[in-house]
Amino acid sequence: MRRPWIVGLLLAAVLLGACGDPASEPEAAPPPDAPQASVTTQQRAPASPSASTGTGTGTDEKAPAKAPTVLYLGDSLAMEAQDVLGQELRRELGATYTSAPYSGTTLCDYLEGTGERSLVPVADKAAALVRRLRPDFVVLQFWGNAWGYTPCMDGITHDASPGKYFKRYEADLKRLTDQIAAAGETRIVWVLQGPDPITPDRVRRVNALYEVRAGASGGLLADAAKALSAAGARHAWVQYLPCTAYERAHAEYCTQPDRDRTALHRDDDYLHFCLAPTTSKPRPCPVRSPGILRIAREVTRVIGTHAAG
């Protein structure tokens with residue numbers, strides 16, 4: 001028997017809190033005056049072949065004449081997707097790739113000048129990494145911390161004050177873009193987020209802010225949201241979607257072939273796309289997950305198009 005919707009959401013809330021996710025409610029977050037050293041150490045991207053710099057050879061299509069250098073930053077959605085994105089970028093484009101996501105973060109965490117009120121250490125601020133790595137592209141993926149999980153949001157939450165939340169988010173977008181631009185010549189790729197069943201309009205407005213900022217600063221958009229929603233219902237959350245041609249050809253990504261559909265989310269987690277259970281220690285997703293691959297392929301496609309241009 002199918003479980004009631006509300007049960008799934010309650011279970012999701014419990015697991016998200018355990019994972020330290022940007023969707024976690026305030027009581028699951030460390031208090032603003034709590035030491036952040038242990039949190040940031042725990043949330044730092046692990047050293048692995050796909051989380052550090054490396055190169056590869058394209059197989060499915062010809063790599064651009066100059067293989068791009070890519071830096072990937074973001075919250076728990078980036079944390080779980082980092083290995084898969086690295087694999088796709090190296091295989092398709094021969095890219096040099098570095099990832100440094102931190103679960104529970106939002107834009108202000110990657111701003112220089114946030115000090116101890118940030119979940120990201122100084123060395124991994126966006127501008128600092130751009131100065132050090134000189135990437136051709138910086139991919140930014142943020143669901144849009146709405147619960148005030150990170151201290152740098154100063155307690156501003158979407159639930160308590162939507163107007164203040166969007167105003168602050170827009171200001172942080174500009175500050176982060178300006179800091180990255182001042183740090184080096186690179187192009188930002190904003191990943192548009194998939195539907196949110198709790199506050200669908202919030203994600204729609206956050207994506208609109210990404211689109212405006214990309215247009216104003218010469219950035220790019222990777223429309224992952226389209227790949228994670230049903231045709232004609234871009235902002236409607238779904239747990240399953242019809243299998244794509246790629247997923248049918250790679251059976252491990254078509255989770256229910258008898259129904260020609262694949263799972264984007266677990267029953268107990270409406271936000272993340274990793275089909276493995278959440279853990280208390282953030283990690284790259286350890287199992288094949290169609291939603292993560294869809295995101296990675298769209299980001300890779302966008303970078304490949306512009307790297308070759």
# chains A, B, ... in the order shown; residues from 1 in each chain; ligands from 1
>>> residues_around(residues="A:Gly74", least_positions_apart="3", cutoff="9 Å", atoms="only C-alpha atoms", output="CSV table (one decimal) with N, CA and C atoms, in the first residue's frame")
chain,number,residue,atom,x,y,z
A,77,LEU,N,23.4,19.2,-2.4
A,77,LEU,CA,23.1,18.6,-3.8
A,77,LEU,C,24.4,18.5,-4.6
A,78,ALA,N,25.3,19.4,-4.4
A,78,ALA,CA,26.6,19.4,-5.0
A,78,ALA,C,27.4,18.3,-4.3
A,79,MET,N,27.3,18.2,-3.0
A,79,MET,CA,28.1,17.2,-2.3
A,79,MET,C,27.8,15.8,-2.9
A,99,SER,N,36.3,19.9,-7.0
A,99,SER,CA,35.0,20.2,-6.3
A,99,SER,C,35.3,20.5,-4.9
A,100,ALA,N,34.5,21.4,-4.3
A,100,ALA,CA,34.6,21.8,-2.9
A,100,ALA,C,33.3,22.1,-2.3
A,101,PRO,N,32.3,21.2,-2.4
A,101,PRO,CA,31.0,21.5,-1.8
A,101,PRO,C,30.9,21.3,-0.3
A,102,TYR,N,30.0,22.0,0.3
A,102,TYR,CA,29.8,21.8,1.8
A,102,TYR,C,28.3,21.8,2.0
A,103,SER,N,27.9,20.7,2.6
A,103,SER,CA,26.4,20.5,2.9
A,103,SER,C,25.9,21.6,3.9
A,105,THR,N,25.1,24.6,3.2
A,105,THR,CA,25.6,26.0,2.9
A,105,THR,C,24.6,26.7,2.0
A,106,THR,N,24.9,28.0,1.9
A,106,THR,CA,24.2,28.9,0.9
A,106,THR,C,25.2,29.9,0.3
A,107,LEU,N,24.8,30.8,-0.5
A,107,LEU,CA,25.8,31.7,-1.2
A,107,LEU,C,26.7,32.4,-0.2
A,110,TYR,N,30.2,31.1,0.9
A,110,TYR,CA,31.3,31.1,0.0
A,110,TYR,C,31.9,32.5,-0.2
A,139,VAL,N,31.0,26.2,-11.5
A,139,VAL,CA,29.6,25.7,-11.5
A,139,VAL,C,29.1,25.9,-10.0
A,140,LEU,N,28.0,26.6,-9.9
A,140,LEU,CA,27.4,26.9,-8.6
A,140,LEU,C,26.1,26.2,-8.5
A,141,GLN,N,25.9,25.4,-7.5
A,141,GLN,CA,24.6,24.7,-7.3
A,141,GLN,C,24.1,24.9,-5.9
A,142,PHE,N,23.1,25.7,-5.7
A,142,PHE,CA,22.5,25.9,-4.4
A,142,PHE,C,21.0,25.8,-4.4
A,143,TRP,N,20.5,25.0,-3.6
A,143,TRP,CA,19.0,24.8,-3.5
A,143,TRP,C,18.4,26.1,-3.0
>>> closest_atom_pairs(of="stretch 148-258 of chain A", to="stretch 291-301 of chain A", cutoff="10 Å", atoms="only C-alpha atoms", output="JSON lines")
{"residue": "A:Val189", "atom": "CA", "partner": "A:Val299", "partner_atom": "CA", "distance": 8.0}
{"residue": "A:Trp190", "atom": "CA", "partner": "A:Val299", "partner_atom": "CA", "distance": 9.1}
{"residue": "A:Val191", "atom": "CA", "partner": "A:Val299", "partner_atom": "CA", "distance": 7.4}
{"residue": "A:Leu192", "atom": "CA", "partner": "A:Ile295", "partner_atom": "CA", "distance": 9.5}
{"residue": "A:Gln193", "atom": "CA", "partner": "A:Ile295", "partner_atom": "CA", "distance": 9.4}
{"residue": "A:Gly194", "atom": "CA", "partner": "A:Ile295", "partner_atom": "CA", "distance": 9.5}
{"residue": "A:Leu220", "atom": "CA", "partner": "A:Val299", "partner_atom": "CA", "distance": 9.9}
{"residue": "A:Leu221", "atom": "CA", "partner": "A:Val299", "partner_atom": "CA", "distance": 8.5}
{"residue": "A:Ala222", "atom": "CA", "partner": "A:Val299", "partner_atom": "CA", "distance": 5.3}
{"residue": "A:Asp223", "atom": "CA", "partner": "A:Glu298", "partner_atom": "CA", "distance": 6.9}
{"residue": "A:Ala224", "atom": "CA", "partner": "A:Ile295", "partner_atom": "CA", "distance": 5.1}
{"residue": "A:Ala225", "atom": "CA", "partner": "A:Ile295", "partner_atom": "CA", "distance": 8.3}
{"residue": "A:Lys226", "atom": "CA", "partner": "A:Ile295", "partner_atom": "CA", "distance": 9.6}
{"residue": "A:Ala227", "atom": "CA", "partner": "A:Arg294", "partner_atom": "CA", "distance": 6.2}
{"residue": "A:Leu228", "atom": "CA", "partner": "A:Gly291", "partner_atom": "CA", "distance": 6.7}
{"residue": "A:Gln239", "atom": "CA", "partner": "A:Gly291", "partner_atom": "CA", "distance": 9.9}
{"residue": "A:Tyr240", "atom": "CA", "partner": "A:Gly291", "partner_atom": "CA", "distance": 9.7}
{"residue": "A:Leu241", "atom": "CA", "partner": "A:Gly291", "partner_atom": "CA", "distance": 9.7}
{"residue": "A:Thr244", "atom": "CA", "partner": "A:Arg294", "partner_atom": "CA", "distance": 9.6}
{"residue": "A:Tyr246", "atom": "CA", "partner": "A:Arg294", "partner_atom": "CA", "distance": 9.9}
{"residue": "A:Glu247", "atom": "CA", "partner": "A:Arg294", "partner_atom": "CA", "distance": 9.7}
{"residue": "A:Tyr253", "atom": "CA", "partner": "A:Leu293", "partner_atom": "CA", "distance": 8.6}
>>> atom_distance(atom1="atom CA of A:Ala251", atom2="atom CA of A:Pro286")
17.5 Å
>>> closest_residue(among="A:Thr278, A:Ser161, A:Thr305, A:Thr177", to="A:Trp147", atoms="only C-alpha atoms")
A:Ser161
>>> residues_around(residues="A:Gly86", least_positions_apart="3", cutoff="7 Å", atoms="only C-alpha atoms", output="number ranges by chain")
A: 50, 82-83, 89-90, 97
>>> closest_residue(among="A:Asp196, A:Asp75, A:Asp136, A:Asp124", to="A:Ala307", atoms="only C-alpha atoms")
A:Asp136
>>> atom_distance(atom1="atom CA of A:Gly218", atom2="atom CA of A:Pro121")
27.5 Å
>>> select_by_dssp(residues="stretch 34-226 of chain A", states="strand (DSSP E or B)", output="MDAnalysis selection string")
chainID A and resid 69:74 96:99 137:141 187:191 220:222
>>> atom_distance(atom1="atom CA of A:Glu185", atom2="atom CA of A:Leu133")
11.1 Å
>>> closest_residue(among="A:Arg117, A:Lys66, A:Arg202, A:Arg288", to="A:Asn145", atoms="only C-alpha atoms")
A:Arg202
